[in-house]
file start-v1.pdb (PDB, C-alpha atoms)
ATOM      1  CA  MET A   1     141.194  42.607  95.080
ATOM      2  CA  ALA A   2     143.319  41.489  92.154
ATOM      3  CA  SER A   3     146.819  40.140  92.543
ATOM      4  CA  GLY A   4     149.585  42.648  91.915
ATOM      5  CA  PRO A   5     153.355  42.838  91.495
ATOM      6  CA  ALA A   6     155.496  40.978  94.022
ATOM      7  CA  PHE A   7     158.663  42.254  95.679
ATOM      8  CA  ALA A   8     160.951  40.446  98.085
ATOM      9  CA  TYR A   9     160.823  42.443 101.288
ATOM     10  CA  THR A  10     159.898  41.784 104.894
ATOM     11  CA  ALA A  11     157.352  43.945 106.712
ATOM     12  CA  TYR A  12     157.145  44.116 110.494
ATOM     13  CA  VAL A  13     153.755  45.129 111.901
ATOM     14  CA  SER A  14     153.198  46.128 115.537
ATOM     15  CA  ASN A  15     149.854  44.873 116.850
ATOM     16  CA  GLU A  16     148.747  47.255 119.606
ATOM     17  CA  LYS A  17     146.231  44.987 121.323
ATOM     18  CA  GLY A  18     147.828  41.705 120.265
ATOM     19  CA  ASN A  19     151.119  42.510 122.059
ATOM     20  CA  SER A  20     152.891  41.059 119.055
ATOM     21  CA  ILE A  21     154.732  41.730 115.820
ATOM     22  CA  SER A  22     153.513  40.144 112.596
ATOM     23  CA  VAL A  23     156.351  39.298 110.187
ATOM     24  CA  VAL A  24     155.073  39.552 106.614
ATOM     25  CA  ASP A  25     156.653  38.336 103.386
ATOM     26  CA  THR A  26     155.665  41.021 100.898
ATOM     27  CA  GLU A  27     156.342  38.746  97.924
ATOM     28  CA  THR A  28     153.769  36.138  98.944
ATOM     29  CA  MET A  29     151.737  38.682 100.958
ATOM     30  CA  LYS A  30     151.533  36.241 103.859
ATOM     31  CA  VAL A  31     152.307  36.320 107.571
ATOM     32  CA  VAL A  32     155.324  34.064 108.082
ATOM     33  CA  LYS A  33     155.709  34.521 111.831
ATOM     34  CA  THR A  34     154.051  36.122 114.848
ATOM     35  CA  VAL A  35     156.314  37.205 117.701
ATOM     36  CA  ASP A  36     155.205  38.039 121.240
ATOM     37  CA  VAL A  37     156.553  41.370 122.492
ATOM     38  CA  GLY A  38     155.829  43.869 125.294
ATOM     39  CA  GLN A  39     152.547  45.478 126.160
ATOM     40  CA  ARG A  40     150.850  47.858 123.722
ATOM     41  CA  PRO A  41     153.465  47.931 120.955
ATOM     42  CA  ARG A  42     153.106  50.973 118.726
ATOM     43  CA  GLY A  43     156.046  52.866 117.218
ATOM     44  CA  ILE A  44     158.404  50.605 115.254
ATOM     45  CA  THR A  45     161.558  51.250 113.233
ATOM     46  CA  LEU A  46     164.757  49.552 112.056
ATOM     47  CA  SER A  47     168.408  50.207 112.744
ATOM     48  CA  ARG A  48     170.208  51.569 109.686
ATOM     49  CA  ASP A  49     171.832  48.190 108.978
ATOM     50  CA  GLY A  50     168.480  46.410 109.283
ATOM     51  CA  LYS A  51     169.752  44.041 111.969
ATOM     52  CA  LEU A  52     167.652  45.405 114.822
ATOM     53  CA  ILE A  53     164.049  46.442 115.364
ATOM     54  CA  TYR A  54     163.308  49.217 117.851
ATOM     55  CA  LEU A  55     159.796  48.907 119.275
ATOM     56  CA  CYS A  56     157.826  51.159 121.618
ATOM     57  CA  ALA A  57     156.298  48.864 124.255
ATOM     58  CA  SER A  58     154.207  51.719 125.582
ATOM     59  CA  ASP A  59     152.593  50.097 128.624
ATOM     60  CA  ASP A  60     155.934  48.603 129.682
ATOM     61  CA  ASP A  61     157.573  52.060 129.548
ATOM     62  CA  THR A  62     160.418  50.773 127.414
ATOM     63  CA  VAL A  63     161.807  50.537 123.898
ATOM     64  CA  GLN A  64     162.511  46.899 123.107
ATOM     65  CA  VAL A  65     165.408  45.883 120.862
ATOM     66  CA  ILE A  66     164.721  42.841 118.661
ATOM     67  CA  ASP A  67     167.184  40.906 116.505
ATOM     68  CA  THR A  68     165.700  40.595 113.006
ATOM     69  CA  ALA A  69     167.600  37.347 112.348
ATOM     70  CA  THR A  70     166.116  35.508 115.336
ATOM     71  CA  MET A  71     163.141  37.788 116.118
ATOM     72  CA  GLU A  72     164.086  37.565 119.786
ATOM     73  CA  VAL A  73     164.172  40.482 122.213
ATOM     74  CA  VAL A  74     167.865  41.114 122.873
ATOM     75  CA  GLY A  75     167.674  44.239 124.985
ATOM     76  CA  SER A  76     165.871  47.438 125.847
ATOM     77  CA  LEU A  77     166.541  51.171 125.758
ATOM     78  CA  PRO A  78     165.836  53.656 128.586
ATOM     79  CA  SER A  79     162.944  55.390 126.887
ATOM     80  CA  GLY A  80     161.120  57.104 129.732
ATOM     81  CA  PRO A  81     157.387  56.570 130.455
ATOM     82  CA  ASP A  82     154.813  55.680 127.788
ATOM     83  CA  PRO A  83     156.879  55.837 124.591
ATOM     84  CA  GLU A  84     154.525  56.031 121.627
ATOM     85  CA  LEU A  85     156.400  57.222 118.560
ATOM     86  CA  PHE A  86     160.051  57.821 117.793
ATOM     87  CA  VAL A  87     162.406  58.583 114.942
ATOM     88  CA  LEU A  88     165.980  57.437 114.348
ATOM     89  CA  SER A  89     168.595  60.002 113.345
ATOM     90  CA  PRO A  90     169.844  59.686 109.748
ATOM     91  CA  ASP A  91     173.229  58.418 110.980
ATOM     92  CA  GLY A  92     171.476  55.777 113.103
ATOM     93  CA  LYS A  93     173.154  56.853 116.335
ATOM     94  CA  ASN A  94     170.351  58.576 118.235
ATOM     95  CA  LEU A  95     166.745  57.616 118.816
ATOM     96  CA  TYR A  96     164.342  60.465 119.564
ATOM     97  CA  VAL A  97     161.384  59.244 121.628
ATOM     98  CA  ALA A  98     158.087  60.986 122.447
ATOM     99  CA  ASN A  99     157.095  60.309 126.073
ATOM    100  CA  GLU A 100     153.401  61.085 126.185
ATOM    101  CA  ASP A 101     152.895  60.961 129.948
ATOM    102  CA  ASP A 102     155.641  63.346 131.073
ATOM    103  CA  ASN A 103     155.718  65.855 128.173
ATOM    104  CA  LEU A 104     159.306  65.100 127.225
ATOM    105  CA  VAL A 105     161.316  64.033 124.190
ATOM    106  CA  THR A 106     164.019  61.589 125.268
ATOM    107  CA  VAL A 107     167.236  61.414 123.237
ATOM    108  CA  ILE A 108     168.877  57.985 123.417
ATOM    109  CA  ASP A 109     172.353  56.986 122.264
ATOM    110  CA  VAL A 110     171.450  53.532 120.921
ATOM    111  CA  GLN A 111     175.044  52.277 120.689
ATOM    112  CA  ASN A 112     175.798  53.010 124.331
ATOM    113  CA  ASN A 113     172.248  52.505 125.672
ATOM    114  CA  LYS A 114     172.379  55.922 127.285
ATOM    115  CA  VAL A 115     169.996  58.855 127.709
ATOM    116  CA  LEU A 116     171.666  61.960 126.308
ATOM    117  CA  SER A 117     168.909  64.441 127.023
ATOM    118  CA  GLU A 118     165.302  64.955 128.082
ATOM    119  CA  ILE A 119     163.714  67.870 126.254
ATOM    120  CA  PRO A 120     160.560  69.529 127.675
ATOM    121  CA  VAL A 121     157.891  70.010 125.006
ATOM    122  CA  GLY A 122     154.109  70.496 124.948
ATOM    123  CA  VAL A 123     151.401  68.360 126.485
ATOM    124  CA  GLU A 124     151.067  64.787 125.163
ATOM    125  CA  PRO A 125     153.962  64.650 122.696
ATOM    126  CA  GLU A 126     153.528  62.118 119.907
ATOM    127  CA  GLY A 127     154.642  62.815 116.353
ATOM    128  CA  MET A 128     158.384  62.735 115.643
ATOM    129  CA  GLY A 129     160.167  63.773 112.463
ATOM    130  CA  VAL A 130     163.816  64.470 111.690
ATOM    131  CA  SER A 131     165.203  66.445 108.748
ATOM    132  CA  PRO A 132     167.224  64.541 106.125
ATOM    133  CA  ASP A 133     170.417  66.294 107.246
ATOM    134  CA  GLY A 134     169.722  65.325 110.861
ATOM    135  CA  LYS A 135     169.940  68.911 112.139
ATOM    136  CA  VAL A 136     166.273  69.537 112.959
ATOM    137  CA  LEU A 137     163.881  67.437 115.003
ATOM    138  CA  VAL A 138     160.143  68.128 115.071
ATOM    139  CA  ASN A 139     157.840  66.891 117.814
ATOM    140  CA  THR A 140     154.073  67.395 117.840
ATOM    141  CA  SER A 141     152.147  67.798 121.079
ATOM    142  CA  GLU A 142     148.554  66.608 120.877
ATOM    143  CA  THR A 143     147.008  68.773 123.598
ATOM    144  CA  THR A 144     149.101  71.898 122.967
ATOM    145  CA  SER A 145     148.410  71.622 119.207
ATOM    146  CA  MET A 146     151.938  72.633 118.296
ATOM    147  CA  ALA A 147     154.907  71.472 116.272
ATOM    148  CA  HIS A 148     158.080  72.010 118.303
ATOM    149  CA  PHE A 149     161.313  72.527 116.317
ATOM    150  CA  ILE A 150     164.375  71.211 118.153
ATOM    151  CA  ASP A 151     168.065  71.754 117.353
ATOM    152  CA  THR A 152     169.596  68.265 117.453
ATOM    153  CA  GLU A 153     173.015  69.617 118.423
ATOM    154  CA  THR A 154     171.903  71.689 121.427
ATOM    155  CA  HIS A 155     168.715  69.722 122.206
ATOM    156  CA  GLU A 156     166.918  73.054 122.622
ATOM    157  CA  VAL A 157     163.468  73.984 121.320
ATOM    158  CA  THR A 158     164.040  76.822 118.847
ATOM    159  CA  ASP A 159     160.536  77.406 117.462
ATOM    160  CA  ASN A 160     156.917  76.503 118.244
ATOM    161  CA  VAL A 161     154.383  76.473 115.409
ATOM    162  CA  LEU A 162     150.646  76.337 116.088
ATOM    163  CA  VAL A 163     148.760  73.754 114.016
ATOM    164  CA  ASP A 164     145.243  72.316 114.174
ATOM    165  CA  THR A 165     143.817  70.186 116.966
ATOM    166  CA  ARG A 166     145.529  66.959 118.050
ATOM    167  CA  PRO A 167     148.605  66.760 115.808
ATOM    168  CA  ARG A 168     149.723  63.159 115.457
ATOM    169  CA  TYR A 169     152.579  62.898 112.976
ATOM    170  CA  ALA A 170     155.434  64.891 111.419
ATOM    171  CA  GLU A 171     157.122  64.082 108.112
ATOM    172  CA  PHE A 172     159.853  66.051 106.346
ATOM    173  CA  THR A 173     159.972  66.339 102.581
ATOM    174  CA  PRO A 174     163.037  64.612 101.070
ATOM    175  CA  ASP A 175     164.761  67.962 100.451
ATOM    176  CA  GLY A 176     164.144  69.066 104.053
ATOM    177  CA  SER A 177     162.395  72.286 103.024
ATOM    178  CA  GLN A 178     159.035  71.420 104.578
ATOM    179  CA  VAL A 179     157.543  69.355 107.356
ATOM    180  CA  TRP A 180     153.986  68.029 107.031
ATOM    181  CA  VAL A 181     152.023  67.720 110.284
ATOM    182  CA  SER A 182     148.732  65.834 110.505
ATOM    183  CA  ALA A 183     145.973  67.008 112.863
ATOM    184  CA  GLU A 184     143.626  64.170 113.766
ATOM    185  CA  VAL A 185     140.758  66.176 115.271
ATOM    186  CA  GLY A 186     141.383  69.268 113.150
ATOM    187  CA  GLY A 187     141.080  67.098 110.047
ATOM    188  CA  THR A 188     143.964  68.800 108.250
ATOM    189  CA  VAL A 189     147.616  68.528 107.333
ATOM    190  CA  SER A 190     149.675  71.674 107.966
ATOM    191  CA  VAL A 191     152.604  72.236 105.612
ATOM    192  CA  ILE A 192     155.323  74.125 107.516
ATOM    193  CA  ASP A 193     158.227  75.918 105.857
ATOM    194  CA  ASN A 194     161.351  74.673 107.639
ATOM    195  CA  ALA A 195     163.285  77.903 107.044
ATOM    196  CA  LYS A 196     160.529  80.348 107.982
ATOM    197  CA  ARG A 197     158.979  78.088 110.645
ATOM    198  CA  GLU A 198     155.470  79.021 109.617
ATOM    199  CA  VAL A 199     152.473  77.239 108.097
ATOM    200  CA  VAL A 200     152.393  77.918 104.364
ATOM    201  CA  ARG A 201     149.457  75.679 103.479
ATOM    202  CA  LYS A 202     146.681  73.681 105.125
ATOM    203  CA  ILE A 203     145.306  70.652 103.329
ATOM    204  CA  SER A 204     141.800  69.453 104.101
ATOM    205  CA  PHE A 205     139.984  66.336 102.940
ATOM    206  CA  ASP A 206     136.492  65.629 101.665
ATOM    207  CA  ILE A 207     135.230  62.128 100.907
ATOM    208  CA  GLN A 208     131.782  61.797  99.420
ATOM    209  CA  GLY A 209     129.353  60.059 101.775
ATOM    210  CA  LEU A 210     131.479  60.504 104.911
ATOM    211  CA  ARG A 211     130.946  62.972 107.739
ATOM    212  CA  ALA A 212     133.795  65.440 108.222
ATOM    213  CA  GLU A 213     134.416  64.279 111.796
ATOM    214  CA  THR A 214     135.264  60.758 110.590
ATOM    215  CA  ILE A 215     138.148  62.065 108.453
ATOM    216  CA  GLN A 216     141.054  62.044 110.904
ATOM    217  CA  PRO A 217     144.575  62.353 109.420
ATOM    218  CA  VAL A 218     147.276  60.406 111.251
ATOM    219  CA  GLY A 219     150.253  58.860 109.409
ATOM    220  CA  VAL A 220     151.942  60.779 106.582
ATOM    221  CA  ASN A 221     154.512  59.370 104.145
ATOM    222  CA  ILE A 222     156.117  61.328 101.307
ATOM    223  CA  SER A 223     157.595  59.541  98.286
ATOM    224  CA  ALA A 224     161.363  59.614  97.837
ATOM    225  CA  ASP A 225     161.042  61.769  94.699
ATOM    226  CA  GLY A 226     159.031  64.282  96.736
ATOM    227  CA  LYS A 227     156.121  64.301  94.303
ATOM    228  CA  LYS A 228     153.351  62.597  96.288
ATOM    229  CA  ALA A 229     152.286  62.488  99.923
ATOM    230  CA  TYR A 230     150.128  59.717 101.321
ATOM    231  CA  VAL A 231     147.951  60.499 104.352
ATOM    232  CA  ALA A 232     146.218  57.863 106.491
ATOM    233  CA  LEU A 233     142.734  59.137 107.330
ATOM    234  CA  GLY A 234     141.853  57.025 110.382
ATOM    235  CA  PRO A 235     138.188  56.007 110.698
ATOM    236  CA  ALA A 236     137.509  57.326 107.187
ATOM    237  CA  ASN A 237     139.143  54.037 106.068
ATOM    238  CA  HIS A 238     140.968  55.746 103.217
ATOM    239  CA  VAL A 239     144.475  56.909 102.338
ATOM    240  CA  ALA A 240     144.642  60.277 100.573
ATOM    241  CA  VAL A 241     147.129  60.840  97.762
ATOM    242  CA  VAL A 242     148.290  64.479  97.636
ATOM    243  CA  ASP A 243     150.278  66.301  94.957
ATOM    244  CA  THR A 244     153.068  67.991  96.931
ATOM    245  CA  LYS A 245     153.448  70.812  94.375
ATOM    246  CA  THR A 246     149.783  71.855  94.101
ATOM    247  CA  TYR A 247     148.628  70.453  97.479
ATOM    248  CA  GLU A 248     145.605  69.013  95.711
ATOM    249  CA  VAL A 249     144.180  65.633  96.687
ATOM    250  CA  LEU A 250     144.597  63.395  93.649
ATOM    251  CA  LYS A 251     142.815  60.342  94.946
ATOM    252  CA  TYR A 252     141.351  58.532  97.954
ATOM    253  CA  ILE A 253     142.334  54.871  98.298
ATOM    254  CA  LEU A 254     139.923  52.590 100.156
ATOM    255  CA  VAL A 255     141.761  50.376 102.667
ATOM    256  CA  GLY A 256     140.743  48.641 105.915
ATOM    257  CA  GLN A 257     139.037  50.056 108.970
ATOM    258  CA  ARG A 258     140.743  52.722 111.111
ATOM    259  CA  VAL A 259     143.942  53.197 109.129
ATOM    260  CA  TRP A 260     146.788  54.332 111.382
ATOM    261  CA  HIS A 261     150.165  54.346 109.694
ATOM    262  CA  LEU A 262     151.953  53.709 106.407
ATOM    263  CA  ALA A 263     155.297  52.448 105.127
ATOM    264  CA  PHE A 264     156.890  52.184 101.705
ATOM    265  CA  THR A 265     158.825  49.163 100.544
ATOM    266  CA  PRO A 266     162.471  50.138  99.866
ATOM    267  CA  ASP A 267     161.857  50.336  96.110
ATOM    268  CA  GLN A 268     158.848  52.662  96.717
ATOM    269  CA  LYS A 269     156.662  50.507  94.475
ATOM    270  CA  THR A 270     154.376  49.404  97.283
ATOM    271  CA  LEU A 271     152.848  51.231 100.242
ATOM    272  CA  ILE A 272     151.489  49.291 103.215
ATOM    273  CA  SER A 273     148.772  50.630 105.531
ATOM    274  CA  THR A 274     147.926  49.344 109.022
ATOM    275  CA  ASN A 275     144.185  49.087 109.610
ATOM    276  CA  GLY A 276     143.538  48.845 113.352
ATOM    277  CA  ASN A 277     139.860  47.961 113.560
ATOM    278  CA  SER A 278     139.825  45.389 110.764
ATOM    279  CA  ASN A 279     143.014  43.696 112.050
ATOM    280  CA  ASP A 280     144.660  43.801 108.643
ATOM    281  CA  ILE A 281     147.136  45.599 106.420
ATOM    282  CA  THR A 282     146.610  46.730 102.835
ATOM    283  CA  PHE A 283     149.182  46.604 100.031
ATOM    284  CA  ILE A 284     148.915  49.583  97.649
ATOM    285  CA  ASP A 285     150.545  49.748  94.207
ATOM    286  CA  THR A 286     152.071  53.255  94.058
ATOM    287  CA  ALA A 287     152.192  53.253  90.239
ATOM    288  CA  THR A 288     148.404  53.115  90.049
ATOM    289  CA  ASP A 289     147.553  54.116  93.640
ATOM    290  CA  GLU A 290     145.202  51.160  93.778
ATOM    291  CA  PRO A 291     144.858  48.622  96.609
ATOM    292  CA  VAL A 292     146.278  45.240  95.625
ATOM    293  CA  GLN A 293     145.449  42.989  98.545
ATOM    294  CA  SER A 294     144.601  43.054 102.252
ATOM    295  CA  LEU A 295     146.079  40.618 104.751
ATOM    296  CA  THR A 296     144.906  39.722 108.235
ATOM    297  CA  VAL A 297     147.652  40.195 110.838
ATOM    298  CA  GLY A 298     147.396  40.518 114.651
ATOM    299  CA  LYS A 299     144.942  42.371 116.861
ATOM    300  CA  GLU A 300     144.772  46.091 116.099
ATOM    301  CA  PRO A 301     147.825  46.672 113.893
ATOM    302  CA  TRP A 302     149.298  50.132 114.479
ATOM    303  CA  GLY A 303     152.843  50.607 113.142
ATOM    304  CA  VAL A 304     154.731  49.136 110.199
ATOM    305  CA  VAL A 305     158.275  49.168 108.849
ATOM    306  CA  VAL A 306     159.664  47.391 105.779
ATOM    307  CA  ALA A 307     163.156  46.023 105.138
ATOM    308  CA  PRO A 308     164.921  44.056 102.414
ATOM    309  CA  LYS A 309     165.096  40.310 103.017
TER     310      LYS A 309
END

call {"tool": "encode", "arguments": {"input": "start-v1.pdb", "output": "structure tokens"}}
result
Amino acid sequence: MASGPAFAYTAYVSNEKGNSISVVDTETMKVVKTVDVGQRPRGITLSRDGKLIYLCASDDDTVQVIDTATMEVVGSLPSGPDPELFVLSPDGKNLYVANEDDNLVTVIDVQNNKVLSEIPVGVEPEGMGVSPDGKVLVNTSETTSMAHFIDTETHEVTDNVLVDTRPRYAEFTPDGSQVWVSAEVGGTVSVIDNAKREVVRKISFDIQGLRAETIQPVGVNISADGKKAYVALGPANHVAVVDTKTYEVLKYILVGQRVWHLAFTPDQKTLISTNGNSNDITFIDTATDEPVQSLTVGKEPWGVVVAPK
């Protein structure tokens, strides 16, 4: 792949089987450090000031807190069993964690290291999305095949929306009007109207030469201008680019093997995919929607988050 534009950001990649985080300089597109963490790290995000990493150490039943300056574990949060994915509230105060083994969403006050609530949801909760105004939380339950809408003030489930089989991720549009939910086994993305709480569109995918069962949507990221959605298609080894107005697939981008999740750089000019089976990440130029370069990281990269240096 040809060299592309360079931007000075740091990407943090959770390596599920490597029990590590790869620290990547996005300007040089090189791994600058590998940090040992807890067992089976998956979900990863940053505090709003960028000083801390929150990391789901799933097999340790904890959320680790890591100082980005030293890359040392400085604490943990009481996450409940088997945390897999989470989302931080827009104000940075609460972390909403999906606990797959006990069918709960745990609400954690990160400043006081305190559990505020445990919310019963469907079987095998995973995907977590929060509206831009912070008022609505959406959790997806893999076995129940539902998106659960939760009021963040009352911590009550207000609506349950049926989607396709094995929903894995939930992503709000920047204006908060819709939430996009990927269904790994169903092979679709359901677009749910946030006001009506109903599916208004289902997006399916078709890649020439691939069997339908290999196309398994997981991570979904929507551009800040709301115009394009990027969908990681798992063992199809592609990222789909979708027009959010017409819901048409504009392009399929070839990346590494078993693409899990995606993250934009802060300037939105680059998208990074984690490719679990090929142990690498792929840098994508969002102006052209072309892959720029792939980089070997740790064993089975799963999650990724990007911050300014």

call {"tool": "resolve_selection", "arguments": {"input": "start-v1.pdb", "expression": "the PyMOL selection byres ((chain A and resi 189) around 8)", "output": "PyMOL selection string"}}
result
chain A and resi 180-183+187-188+190-191+202-204+217

call {"tool": "resolve_selection", "arguments": {"input": "start-v1.pdb", "expression": "the PyMOL selection byres ((chain A and resi 229-236) around 6)", "output": "list of chain:residue names"}}
result
A:Thr214, A:Ile215, A:Gln216, A:Pro217, A:Val218, A:Gly219, A:Val220, A:Asn221, A:Ile222, A:Lys228, A:Asn237, A:His238, A:Val239, A:Ala240, A:Val241, A:Val242, A:Arg258, A:Val259, A:Trp260

call {"tool": "closest_atom_pairs", "arguments": {"input": "start-v1.pdb", "of": "region 97-125 of chain A", "to": "region 56-71 of chain A", "cutoff": "12 Å", "atoms": "only C-alpha atoms", "output": "tab-separated table"}}
result
residue	atom	partner	partner_atom	distance
A:Val97	CA	A:Cys56	CA	8.8
A:Ala98	CA	A:Cys56	CA	9.9
A:Asn99	CA	A:Asp61	CA	9.0
A:Glu100	CA	A:Ser58	CA	9.4
A:Asp101	CA	A:Asp61	CA	10.1
A:Asp102	CA	A:Asp61	CA	11.6
A:Thr106	CA	A:Val63	CA	11.4
A:Ile108	CA	A:Val63	CA	10.3
A:Val110	CA	A:Val65	CA	9.7
A:Gln111	CA	A:Val65	CA	11.6
A:Asn113	CA	A:Val65	CA	10.7

call {"tool": "closest_residue", "arguments": {"input": "start-v1.pdb", "among": "A:Glu184, A:Gly127, A:Val24, A:Asp82", "to": "Ile272 (chain A)", "atoms": "only C-alpha atoms"}}
result
A:Val24

call {"tool": "closest_residue", "arguments": {"input": "start-v1.pdb", "among": "A:Asp280, A:Trp302, A:Asn94, A:Leu137", "to": "Val31 (chain A)", "atoms": "only C-alpha atoms"}}
result
A:Asp280

call {"tool": "resolve_selection", "arguments": {"input": "start-v1.pdb", "expression": "the PyMOL selection byres ((chain A and resi 167) around 8)", "output": "list in words"}}
result
Glu126, Gly127, Thr140, Ser141, Glu142, Ser145, Met146, Ala147, Val163, Asp164, Thr165, Arg166, Arg168, Tyr169, Val181, Ser182, Ala183, Glu184, Val185 and Val218 of chain A

call {"tool": "closest_residue", "arguments": {"input": "start-v1.pdb", "among": "A:Thr34, A:Thr246, A:Ser131, A:Thr282", "to": "Ala195 (chain A)", "atoms": "only C-alpha atoms"}}
result
A:Ser131

call {"tool": "atom_distance", "arguments": {"input": "start-v1.pdb", "atom1": "CA of Val87 (chain A)", "atom2": "CA of Asn19 (chain A)"}}
result
20.9 Å

call {"tool": "closest_residue", "arguments": {"input": "start-v1.pdb", "among": "A:Val73, A:Val115, A:Val105, A:Ala224", "to": "Lys93 (chain A)", "atoms": "all atoms listed in the file"}}
result
A:Val115

call {"tool": "closest_residue", "arguments": {"input": "start-v1.pdb", "among": "A:Val255, A:Val13, A:Val32, A:Ile119", "to": "Ile53 (chain A)", "atoms": "only C-alpha atoms"}}
result
A:Val13

call {"tool": "closest_residue", "arguments": {"input": "start-v1.pdb", "among": "A:Leu262, A:Ile207, A:Ile284, A:Val130", "to": "Gly176 (chain A)", "atoms": "all atoms listed in the file"}}
result
A:Val130

call {"tool": "residues_around", "arguments": {"input": "start-v1.pdb", "residues": "Val35 (chain A)", "least_positions_apart": "4", "cutoff": "8 Å", "atoms": "all atoms listed in the file", "output": "PyMOL selection string"}}
result
chain A and resi 20-23+71

call {"tool": "write_last_selection", "arguments": {"input": "start-v1.pdb", "atoms": "C-alpha atoms", "output": "PDB file, keeping the file's coordinate frame"}}
result
ATOM      1  CA  SER A  20     152.891  41.059 119.055  1.00  0.00           C
ATOM      2  CA  ILE A  21     154.732  41.730 115.820  1.00  0.00           C
ATOM      3  CA  SER A  22     153.513  40.144 112.596  1.00  0.00           C
ATOM      4  CA  VAL A  23     156.351  39.298 110.187  1.00  0.00           C
ATOM      5  CA  MET A  71     163.141  37.788 116.118  1.00  0.00           C
TER       6      MET A  71
END

call {"tool": "atom_distance", "arguments": {"input": "start-v1.pdb", "atom1": "CA of Ala287 (chain A)", "atom2": "CA of Gln257 (chain A)"}}
result
23.1 Å

call {"tool": "decode", "arguments": {"input": "start-v1.pdb", "residues": "region 255-279 of chain A", "atoms": "C-alpha atoms", "output": "PDB file, in the first residue's frame"}}
result
ATOM      1  CA  VAL A 255      -8.428  -4.375   5.300  1.00  0.00           C
ATOM      2  CA  GLY A 256      -6.909  -7.196   7.381  1.00  0.00           C
ATOM      3  CA  GLN A 257      -8.448 -10.451   8.513  1.00  0.00           C
ATOM      4  CA  ARG A 258     -11.419 -10.486  10.916  1.00  0.00           C
ATOM      5  CA  VAL A 259     -11.970  -6.754  11.321  1.00  0.00           C
ATOM      6  CA  TRP A 260     -13.520  -5.963  14.702  1.00  0.00           C
ATOM      7  CA  HIS A 261     -13.654  -2.275  15.499  1.00  0.00           C
ATOM      8  CA  LEU A 262     -12.874   1.185  14.147  1.00  0.00           C
ATOM      9  CA  ALA A 263     -11.775   4.599  15.390  1.00  0.00           C
ATOM     10  CA  PHE A 264     -11.338   7.989  13.769  1.00  0.00           C
ATOM     11  CA  THR A 265      -8.390  10.245  14.434  1.00  0.00           C
ATOM     12  CA  PRO A 266      -9.587  13.501  16.067  1.00  0.00           C
ATOM     13  CA  ASP A 267      -9.405  15.381  12.756  1.00  0.00           C
ATOM     14  CA  GLN A 268     -11.529  12.643  11.076  1.00  0.00           C
ATOM     15  CA  LYS A 269      -9.019  12.365   8.235  1.00  0.00           C
ATOM     16  CA  THR A 270      -7.989   8.829   9.113  1.00  0.00           C
ATOM     17  CA  LEU A 271      -9.942   5.770  10.232  1.00  0.00           C
ATOM     18  CA  ILE A 272      -8.170   2.858  11.913  1.00  0.00           C
ATOM     19  CA  SER A 273      -9.488  -0.720  11.852  1.00  0.00           C
ATOM     20  CA  THR A 274      -8.451  -3.562  14.177  1.00  0.00           C
ATOM     21  CA  ASN A 275      -7.950  -6.841  12.330  1.00  0.00           C
ATOM     22  CA  GLY A 276      -7.988  -9.693  14.849  1.00  0.00           C
ATOM     23  CA  ASN A 277      -6.837 -12.680  12.823  1.00  0.00           C
ATOM     24  CA  SER A 278      -4.034 -10.935  10.943  1.00  0.00           C
ATOM     25  CA  ASN A 279      -2.719  -9.250  14.125  1.00  0.00           C
TER      26      ASN A 279
END
